[in-house]
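The file coords28.txt contains compact mmCIF, C-alpha atoms:
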# COMPACT_ATOMS: atom_id res chain seq x y z
CA MET A 1 -0.22 50.54 -114.19
CA ILE A 2 -3.31 52.58 -115.08
CA TYR A 3 -2.51 54.14 -118.44
CA PHE A 4 -4.17 57.47 -119.25
CA ASP A 5 -1.85 58.80 -121.97
CA ASN A 6 -3.62 57.50 -125.06
CA ALA A 7 -3.44 60.92 -126.74
CA ALA A 8 0.32 60.35 -126.96
CA THR A 9 0.13 56.68 -127.97
CA THR A 10 -1.94 53.64 -127.15
CA VAL A 11 0.36 51.26 -125.30
CA GLN A 12 -2.05 48.34 -125.37
CA LYS A 13 -2.51 46.75 -128.79
CA SER A 14 -4.85 44.02 -129.94
CA ASP A 15 -3.49 40.53 -130.47
CA ALA A 16 -4.28 40.97 -134.16
CA VAL A 17 -2.00 44.01 -134.44
CA ILE A 18 0.83 42.35 -132.53
CA HIS A 19 0.54 39.20 -134.66
CA ALA A 20 0.51 41.21 -137.91
CA VAL A 21 3.65 43.15 -137.00
CA THR A 22 5.49 40.00 -135.88
CA GLN A 23 4.47 38.09 -138.97
CA ALA A 24 5.58 40.94 -141.23
CA MET A 25 8.98 41.12 -139.55
CA THR A 26 9.60 37.48 -140.38
CA GLY A 27 7.68 37.04 -143.62
CA ILE A 28 7.77 40.03 -145.98
CA GLY A 29 10.52 41.68 -147.98
CA ASN A 30 11.02 45.06 -149.62
CA SER A 31 8.15 46.12 -151.87
CA GLY A 32 9.15 46.99 -155.42
CA ARG A 33 12.68 45.68 -155.03
CA GLY A 34 12.24 42.20 -156.48
CA ALA A 35 9.91 39.65 -158.10
CA TYR A 36 10.37 36.94 -155.48
CA GLU A 37 7.62 35.96 -153.08
CA THR A 38 8.60 38.00 -150.00
CA ALA A 39 8.87 41.18 -152.09
CA LEU A 40 5.56 40.48 -153.82
CA SER A 41 3.86 39.75 -150.51
CA ALA A 42 5.05 43.14 -149.26
CA SER A 43 3.64 44.84 -152.35
CA ARG A 44 0.29 43.11 -151.92
CA LEU A 45 0.09 44.06 -148.25
CA ILE A 46 0.96 47.70 -148.95
CA TYR A 47 -1.63 48.01 -151.71
CA GLN A 48 -4.32 46.33 -149.62
CA THR A 49 -3.60 48.75 -146.79
CA ARG A 50 -3.82 51.72 -149.15
CA LEU A 51 -7.25 50.45 -150.17
CA LEU A 52 -8.36 50.13 -146.54
CA VAL A 53 -7.19 53.66 -145.72
CA ALA A 54 -8.86 55.08 -148.83
CA GLN A 55 -12.14 53.37 -147.95
CA ALA A 56 -11.98 54.37 -144.28
CA PHE A 57 -11.24 58.07 -144.89
CA GLY A 58 -12.96 58.84 -148.19
CA VAL A 59 -9.70 59.27 -150.11
CA PRO A 60 -10.31 59.58 -153.89
CA GLY A 61 -8.03 56.64 -154.70
CA PRO A 62 -5.46 54.32 -153.12
CA GLU A 63 -2.64 56.04 -155.01
CA ARG A 64 -3.46 59.21 -153.04
CA VAL A 65 -2.59 57.44 -149.76
CA ILE A 66 1.03 58.22 -148.84
CA PHE A 67 2.68 56.24 -146.06
CA THR A 68 4.88 58.21 -143.66
CA SER A 69 6.64 57.59 -140.36
CA GLY A 70 3.78 59.30 -138.54
CA ALA A 71 1.72 62.48 -138.43
CA THR A 72 4.81 64.68 -138.04
CA GLN A 73 6.31 63.55 -141.35
CA ALA A 74 2.91 63.71 -143.02
CA LEU A 75 2.38 67.31 -141.87
CA ASN A 76 5.90 68.38 -142.83
CA THR A 77 5.52 66.78 -146.26
CA ALA A 78 2.22 68.59 -146.81
CA ILE A 79 3.37 72.00 -145.57
CA PHE A 80 6.76 72.09 -147.28
CA GLY A 81 5.32 70.44 -150.40
CA VAL A 82 2.51 72.93 -150.93
CA LEU A 83 3.78 76.36 -149.88
CA ARG A 84 5.85 78.50 -152.25
CA PRO A 85 7.58 81.92 -151.98
CA GLY A 86 5.03 84.68 -151.59
CA ASP A 87 2.28 82.40 -150.27
CA HIS A 88 0.17 83.15 -147.22
CA ALA A 89 -0.75 80.43 -144.71
CA ILE A 90 -3.25 80.35 -141.86
CA ALA A 91 -3.08 78.11 -138.79
CA SER A 92 -4.55 78.50 -135.31
CA ASP A 93 -3.74 78.53 -131.61
CA LEU A 94 -4.90 74.90 -131.48
CA ASP A 95 -2.07 73.60 -133.61
CA HIS A 96 0.67 71.22 -132.53
CA ASN A 97 4.36 71.99 -133.03
CA SER A 98 4.33 69.54 -135.94
CA VAL A 99 2.34 72.23 -137.76
CA LEU A 100 3.72 75.31 -136.05
CA ARG A 101 7.43 74.68 -136.46
CA PRO A 102 7.40 74.02 -140.23
CA LEU A 103 5.30 77.16 -140.69
CA TYR A 104 7.53 79.22 -138.39
CA HIS A 105 10.58 78.00 -140.33
CA LEU A 106 9.11 79.09 -143.66
CA GLN A 107 8.09 82.42 -142.16
CA LYS A 108 11.57 82.98 -140.69
CA GLN A 109 13.14 82.23 -144.07
CA GLY A 110 10.93 84.87 -145.67
CA VAL A 111 9.14 82.31 -147.81
CA ILE A 112 5.59 82.84 -146.50
CA ASP A 113 3.40 85.20 -144.55
CA LEU A 114 1.62 83.59 -141.61
CA ASP A 115 -1.46 84.34 -139.53
CA PHE A 116 -3.17 82.51 -136.66
CA LEU A 117 -6.80 82.14 -135.63
CA PRO A 118 -7.01 82.94 -131.90
CA ALA A 119 -8.50 80.54 -129.38
CA ASP A 120 -10.75 81.74 -126.58
CA GLN A 121 -10.49 80.71 -122.92
CA THR A 122 -12.33 77.44 -123.63
CA GLY A 123 -9.94 76.58 -126.45
CA ARG A 124 -12.38 77.31 -129.28
CA ILE A 125 -11.74 79.13 -132.56
CA ARG A 126 -14.27 80.85 -134.85
CA LYS A 127 -14.78 80.51 -138.59
CA GLU A 128 -15.51 84.25 -138.71
CA ASP A 129 -11.86 84.84 -137.84
CA LEU A 130 -10.81 82.67 -140.77
CA ALA A 131 -13.00 84.69 -143.14
CA ALA A 132 -11.29 87.87 -141.91
CA ALA A 133 -7.77 86.38 -142.20
CA LEU A 134 -8.01 85.09 -145.77
CA ARG A 135 -6.04 87.00 -148.43
CA PRO A 136 -5.83 86.72 -152.22
CA ASN A 137 -2.48 84.90 -151.84
CA THR A 138 -3.63 82.50 -149.10
CA ARG A 139 -2.42 79.11 -150.27
CA LEU A 140 -2.98 76.89 -147.22
CA VAL A 141 -5.36 76.76 -144.26
CA CYS A 142 -4.46 74.32 -141.47
CA LEU A 143 -6.92 73.03 -138.88
CA CYS A 144 -6.49 70.78 -135.85
CA HIS A 145 -9.51 68.45 -135.80
CA GLY A 146 -9.25 67.37 -132.17
CA SER A 147 -7.15 69.24 -129.61
CA ASN A 148 -4.55 67.12 -127.87
CA LEU A 149 -4.87 69.42 -124.83
CA THR A 150 -8.55 70.22 -124.32
CA GLY A 151 -10.19 67.38 -126.24
CA ASN A 152 -12.34 69.92 -128.13
CA VAL A 153 -13.34 68.86 -131.66
CA THR A 154 -13.74 71.44 -134.44
CA ASP A 155 -16.01 70.72 -137.41
CA PRO A 156 -13.71 71.14 -140.42
CA ALA A 157 -16.36 71.49 -143.15
CA PRO A 158 -17.17 75.23 -142.68
CA TYR A 159 -13.46 76.09 -142.57
CA ALA A 160 -12.75 74.00 -145.67
CA GLU A 161 -15.56 75.72 -147.55
CA LEU A 162 -14.18 79.15 -146.71
CA ALA A 163 -10.69 78.08 -147.79
CA HIS A 164 -11.90 76.68 -151.11
CA ASN A 165 -14.03 79.75 -151.84
CA ASN A 166 -10.81 81.74 -151.53
CA GLY A 167 -8.85 79.33 -153.74
CA ALA A 168 -6.78 77.89 -150.87
CA LEU A 169 -6.02 74.29 -149.98
CA PHE A 170 -7.29 72.89 -146.69
CA LEU A 171 -5.21 70.66 -144.39
CA LEU A 172 -6.71 68.69 -141.51
CA ASP A 173 -4.53 67.37 -138.70
CA ALA A 174 -6.51 64.34 -137.54
CA SER A 175 -3.86 62.93 -135.23
CA GLN A 176 -6.30 62.79 -132.29
CA THR A 177 -9.44 61.82 -134.22
CA ALA A 178 -8.50 59.30 -136.91
CA GLY A 179 -10.07 56.06 -135.74
CA LEU A 180 -12.32 57.80 -133.23
CA LEU A 181 -14.57 60.04 -135.34
CA PRO A 182 -15.90 59.59 -138.90
CA ILE A 183 -13.67 61.41 -141.39
CA SER A 184 -14.35 61.64 -145.12
CA MET A 185 -12.08 63.75 -147.31
CA GLU A 186 -14.80 64.05 -149.92
CA ASP A 187 -17.66 64.94 -147.57
CA MET A 188 -15.61 67.36 -145.46
CA GLY A 189 -13.81 69.03 -148.35
CA LEU A 190 -10.31 68.04 -147.23
CA ASP A 191 -7.33 68.46 -149.53
CA LEU A 192 -4.63 67.17 -147.18
CA LEU A 193 -5.37 64.74 -144.35
CA CYS A 194 -2.63 63.78 -141.88
CA PHE A 195 -2.71 61.25 -139.06
CA SER A 196 -0.63 58.69 -137.21
CA GLY A 197 -1.42 55.02 -136.67
CA HIS A 198 -0.49 54.69 -133.00
CA LYS A 199 -3.14 56.83 -131.28
CA ALA A 200 -6.90 56.26 -131.70
CA LEU A 201 -6.31 53.77 -134.51
CA MET A 202 -4.46 51.62 -131.95
CA GLY A 203 -1.81 50.53 -134.43
CA PRO A 204 1.99 50.48 -134.07
CA GLN A 205 4.28 53.45 -133.78
CA GLY A 206 6.31 54.52 -136.79
CA ILE A 207 3.50 54.59 -139.33
CA GLY A 208 1.18 57.37 -140.48
CA CYS A 209 -0.54 58.68 -143.59
CA LEU A 210 -0.78 61.75 -145.75
CA CYS A 211 -3.90 61.54 -147.91
CA LEU A 212 -4.40 63.83 -150.90
CA SER A 213 -7.43 65.11 -152.76
CA ARG A 214 -7.36 65.44 -156.54
CA ARG A 215 -6.82 69.20 -156.07
CA ALA A 216 -3.67 68.82 -154.01
CA GLU A 217 -0.28 68.64 -155.68
CA VAL A 218 2.62 68.15 -153.28
CA SER A 219 6.34 68.37 -154.00
CA PRO A 220 8.54 65.71 -152.40
CA LEU A 221 10.09 66.29 -149.01
CA LEU A 222 12.45 63.32 -149.44
CA TYR A 223 14.35 62.21 -152.52
CA GLY A 224 15.74 58.74 -153.11
CA GLY A 225 15.04 55.26 -154.34
CA THR A 226 11.57 54.09 -155.24
CA GLY A 227 12.30 50.80 -157.00
CA VAL A 228 10.83 52.16 -160.24
CA GLN A 229 11.89 54.65 -162.93
CA THR A 230 15.45 54.53 -161.67
CA GLU A 231 16.79 56.43 -164.69
CA LEU A 232 14.88 59.61 -163.78
CA PRO A 233 17.03 62.33 -162.14
CA ASP A 234 14.02 63.50 -160.12
CA GLN A 235 11.39 61.69 -158.09
CA PRO A 236 8.82 59.87 -160.25
CA PRO A 237 5.88 62.20 -160.94
CA GLU A 238 3.16 59.67 -160.09
CA TYR A 239 1.67 59.19 -156.64
CA PRO A 240 2.34 57.49 -154.27
CA THR A 241 5.99 56.93 -155.30
CA ARG A 242 6.44 60.69 -155.76
CA LEU A 243 6.30 61.11 -151.96
CA GLU A 244 7.61 57.73 -150.77
CA ALA A 245 11.38 57.73 -151.23
CA GLY A 246 13.17 54.86 -149.55
CA THR A 247 12.02 51.61 -148.01
CA LEU A 248 8.52 51.64 -146.57
CA ASN A 249 7.84 50.42 -143.04
CA GLY A 250 6.39 47.02 -143.89
CA PRO A 251 5.77 45.87 -140.29
CA GLY A 252 4.18 49.22 -139.45
CA ILE A 253 1.92 49.04 -142.50
CA ALA A 254 0.97 45.47 -141.57
CA GLY A 255 0.06 46.65 -138.08
CA LEU A 256 -1.99 49.53 -139.49
CA HIS A 257 -3.81 47.08 -141.77
CA ALA A 258 -4.68 44.88 -138.80
CA ALA A 259 -5.69 47.90 -136.70
CA LEU A 260 -8.09 49.12 -139.39
CA GLU A 261 -9.64 45.67 -139.69
CA GLU A 262 -9.94 45.39 -135.90
CA LEU A 263 -11.55 48.82 -135.68
CA SER A 264 -14.02 47.84 -138.38
CA ARG A 265 -14.88 44.69 -136.43
CA VAL A 266 -15.35 46.46 -133.10
CA GLY A 267 -16.98 49.56 -134.58
CA MET A 268 -15.70 53.12 -134.39
CA GLN A 269 -18.91 54.30 -132.75
CA THR A 270 -18.52 51.64 -130.07
CA VAL A 271 -15.01 52.89 -129.27
CA PHE A 272 -16.13 56.52 -129.26
CA ASP A 273 -19.09 55.80 -126.98
CA HIS A 274 -16.86 53.93 -124.52
CA GLU A 275 -14.27 56.71 -124.33
CA SER A 276 -17.02 59.34 -124.07
CA ARG A 277 -18.60 57.55 -121.11
CA LEU A 278 -15.27 57.41 -119.30
CA ALA A 279 -14.42 61.05 -120.01
CA GLY A 280 -17.95 62.20 -119.21
CA GLN A 281 -17.96 60.50 -115.82
CA PHE A 282 -14.52 61.88 -115.05
CA VAL A 283 -15.54 65.44 -115.95
CA ARG A 284 -18.77 65.28 -113.93
CA LEU A 285 -17.02 64.18 -110.75
CA ALA A 286 -13.73 66.02 -111.19
CA SER A 287 -15.59 69.33 -111.57
CA GLN A 288 -16.87 68.82 -108.01
CA ILE A 289 -13.38 68.57 -106.47
CA PRO A 290 -12.42 71.83 -104.68
CA GLY A 291 -9.20 73.31 -106.02
CA LEU A 292 -9.34 71.47 -109.33
CA ARG A 293 -9.77 73.34 -112.63
CA LEU A 294 -10.71 71.74 -115.96
CA TYR A 295 -9.85 73.25 -119.36
CA GLY A 296 -11.94 73.14 -122.51
CA ASP A 297 -15.47 73.35 -123.84
CA PHE A 298 -17.58 70.60 -122.31
CA ASP A 299 -20.78 71.35 -124.22
CA GLY A 300 -19.63 70.36 -127.72
CA LEU A 301 -18.23 67.27 -129.43
CA ARG A 302 -15.13 65.98 -127.66
CA THR A 303 -12.52 63.25 -127.72
CA GLY A 304 -11.63 61.30 -124.57
CA THR A 305 -8.99 63.84 -123.52
CA VAL A 306 -9.34 66.00 -120.40
CA SER A 307 -6.77 68.45 -119.01
CA LEU A 308 -6.70 70.01 -115.57
CA ASN A 309 -4.68 71.63 -112.83
CA VAL A 310 -4.81 71.18 -109.07
CA ARG A 311 -4.59 74.44 -107.14
CA ASP A 312 -1.35 76.21 -108.02
CA TYR A 313 0.71 73.01 -107.98
CA PRO A 314 3.09 72.57 -110.92
CA SER A 315 1.52 70.10 -113.33
CA SER A 316 4.69 67.99 -113.32
CA GLU A 317 4.45 67.50 -109.54
CA VAL A 318 0.85 66.33 -109.79
CA ALA A 319 1.77 63.90 -112.56
CA ASP A 320 4.71 62.59 -110.54
CA GLU A 321 2.50 62.05 -107.50
CA LEU A 322 -0.02 60.12 -109.59
CA ALA A 323 2.75 57.97 -111.06
CA VAL A 324 4.71 57.27 -107.89
CA THR A 325 1.90 56.88 -105.35
CA ASP A 326 -0.96 55.60 -107.51
CA ASN A 327 0.79 54.02 -110.50
CA ILE A 328 -1.27 56.19 -112.86
CA ALA A 329 0.38 57.37 -116.09
CA VAL A 330 -0.68 60.84 -117.30
CA ARG A 331 1.01 63.60 -119.31
CA ALA A 332 2.05 66.91 -117.78
CA GLY A 333 3.58 70.06 -119.21
CA ALA A 334 3.01 71.96 -122.45
CA HIS A 335 1.95 69.08 -124.73
CA CYS A 336 3.64 70.66 -127.79
CA VAL A 337 0.86 73.28 -128.09
CA PRO A 338 2.45 76.49 -126.76
CA ARG A 339 -0.03 78.87 -128.37
CA LEU A 340 -3.02 77.09 -126.84
CA HIS A 341 -1.44 77.14 -123.38
CA ARG A 342 -1.01 80.90 -123.71
CA ALA A 343 -4.65 81.24 -124.75
CA LEU A 344 -5.77 79.20 -121.73
CA GLY A 345 -3.42 81.01 -119.34
CA THR A 346 -1.55 77.79 -118.47
CA HIS A 347 1.78 78.53 -120.17
CA ALA A 348 3.60 78.75 -116.81
CA GLN A 349 1.88 75.95 -114.91
CA GLY A 350 1.29 73.59 -117.81
CA ALA A 351 -1.54 71.12 -117.41
CA VAL A 352 -2.15 67.54 -116.34
CA ARG A 353 -3.68 65.59 -119.21
CA LEU A 354 -5.67 62.38 -118.88
CA SER A 355 -6.62 60.79 -122.20
CA PHE A 356 -8.93 57.81 -121.99
CA GLY A 357 -8.85 54.93 -124.46
CA TRP A 358 -10.57 51.74 -125.53
CA TYR A 359 -8.70 49.62 -122.99
CA ASN A 360 -9.52 51.80 -119.96
CA THR A 361 -12.27 50.99 -117.49
CA MET A 362 -14.64 52.93 -115.26
CA GLU A 363 -12.89 51.45 -112.22
CA GLU A 364 -9.64 53.06 -113.38
CA VAL A 365 -11.43 56.39 -113.74
CA GLU A 366 -12.70 56.12 -110.16
CA THR A 367 -9.17 55.36 -108.95
CA ALA A 368 -7.85 58.48 -110.67
CA LEU A 369 -10.61 60.61 -109.17
CA ALA A 370 -9.81 59.34 -105.68
CA ALA A 371 -6.14 60.17 -106.19
CA LEU A 372 -6.95 63.69 -107.39
CA ARG A 373 -9.23 64.26 -104.40
CA ARG A 374 -6.37 63.32 -102.10
CA ILE A 375 -3.88 65.60 -103.89
CA ALA A 376 -6.34 68.51 -103.96
CA SER A 377 -6.96 68.17 -100.21
CA CYS A 378 -3.30 68.63 -99.35
Would you write the structure of this file as structure tokens?
Amino acid sequence: MIYFDNAATTVQKSDAVIHAVTQAMTGIGNSGRGAYETALSASRLIYQTRLLVAQAFGVPGPERVIFTSGATQALNTAIFGVLRPGDHAIASDLDHNSVLRPLYHLQKQGVIDLDFLPADQTGRIRKEDLAAALRPNTRLVCLCHGSNLTGNVTDPAPYAELAHNNGALFLLDASQTAGLLPISMEDMGLDLLCFSGHKALMGPQGIGCLCLSRRAEVSPLLYGGTGVQTELPDQPPEYPTRLEAGTLNGPGIAGLHAALEELSRVGMQTVFDHESRLAGQFVRLASQIPGLRLYGDFDGLRTGTVSLNVRDYPSSEVADELAVTDNIAVRAGAHCVPRLHRALGTHAQGAVRLSFGWYNTMEEVETALAALRRIASC
């Protein structure tokens, strides 16, 4: 199978990640729940991984690294933990349902007011629209770093500066960019950084992070055991235990640790350059196929994600043809970004998404192009 759905998850993992997960499943216990060796080894692994994440993403300290089940839990924890009755929040047409649905829920309950930055027909937003949308009671500004539909990348720093000048917190959804592009909370002015481990980081599923600046105070989403301060009726006030109720995913954290070390060994720039070459070649040749339309801005910084449609064919039929006839795995449909599809005019047809990764080759790209030429000629 040729796998082009890396924006959803990387199926292929390094031997180091697989070994780390397997070893953790057979060799570590429950961190903070005992003083015996398997529990202590879990605690050491978890702390070492916090350090790696803090170093990789410019987090002010390892205690500000919160482990979650993935980006969805990280984003929900941030949004529900920051916003209060009477607050105003700003998101954009680029955002994933993991951002949209928590915000819609709070809006429906009458807790917050909500505004969106519009995307143009290339899937771009403008910081001028953020300046116009800010209010005195704006508490949170959310930004999608890399679109999971168009592959467009938005520089967060100007948006963060505007948010801070207005007294608001700034949240960056880096689900598509963590592990692919340099991210520093300090340098970019991020207050809340959310990402999963199973996409560009090439780690296992079931693990993600919420990283906090010193400015950000977040109320717990989950309440329960932490292994410490058991007598307290509320969650412990200190981070990270404040936001980590229950048993942490030791094997997932072990896999994330190995993935970060592997990425450091290979080099993030090396991975980015490889994916950019694949996506660039695909875009150059696909744009020459009659009846095929590409979506996005192809002049700016991009991830390895490209979305398209062939004539007026339903995107699901094109994806099925690629899977059945050519054994090529792609994603079709709405990609959990309904507002962006409306902005692009693809809400009815959906789109066929190819997202290239570290393990893909130029030969696979050529195979996909040949298949699309055949489909477009029908």
Item to check | Minimum-distance residue to Thr150 in chain A, chosen among A:Leu232, A:Ala323, A:Leu94, A:Val365 (using all atoms listed in the file) | outcome: A:Leu94
Next on the checklist: Between CA of Met185 in chain A and CA of Ser69 in chain A, what is the distance in Å, rounded to a tenth?
Outcome noted: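 For CA of Met185 in chain A relative to CA of Ser69 in chain A, the distance reads 20.9 Å.
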Checklist entry - What is the distance, in Å and to one decimal place, between CA of Leu248 in chain A and CA of His198 in chain A? => result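 Separating CA of Leu248 in chain A from CA of His198 in chain A is a distance of 16.6 Å.
Closest approach to Leu75 in chain A among A:Leu212, A:Asp155, A:Asn137, A:Met1: A:Leu212, based on only C-alpha atoms.
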Checklist entry - Excluding same-chain residues fewer than 6 positions from Cys209 in chain A, what lies within 6 Å of it counting all atoms listed in the file, as a PyMOL selection string? => result chain A and resi 66-68+194-195
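Rounded to one decimal, CA of Ala89 in chain A and CA of Pro237 in chain A lie 25.3 Å from each other.
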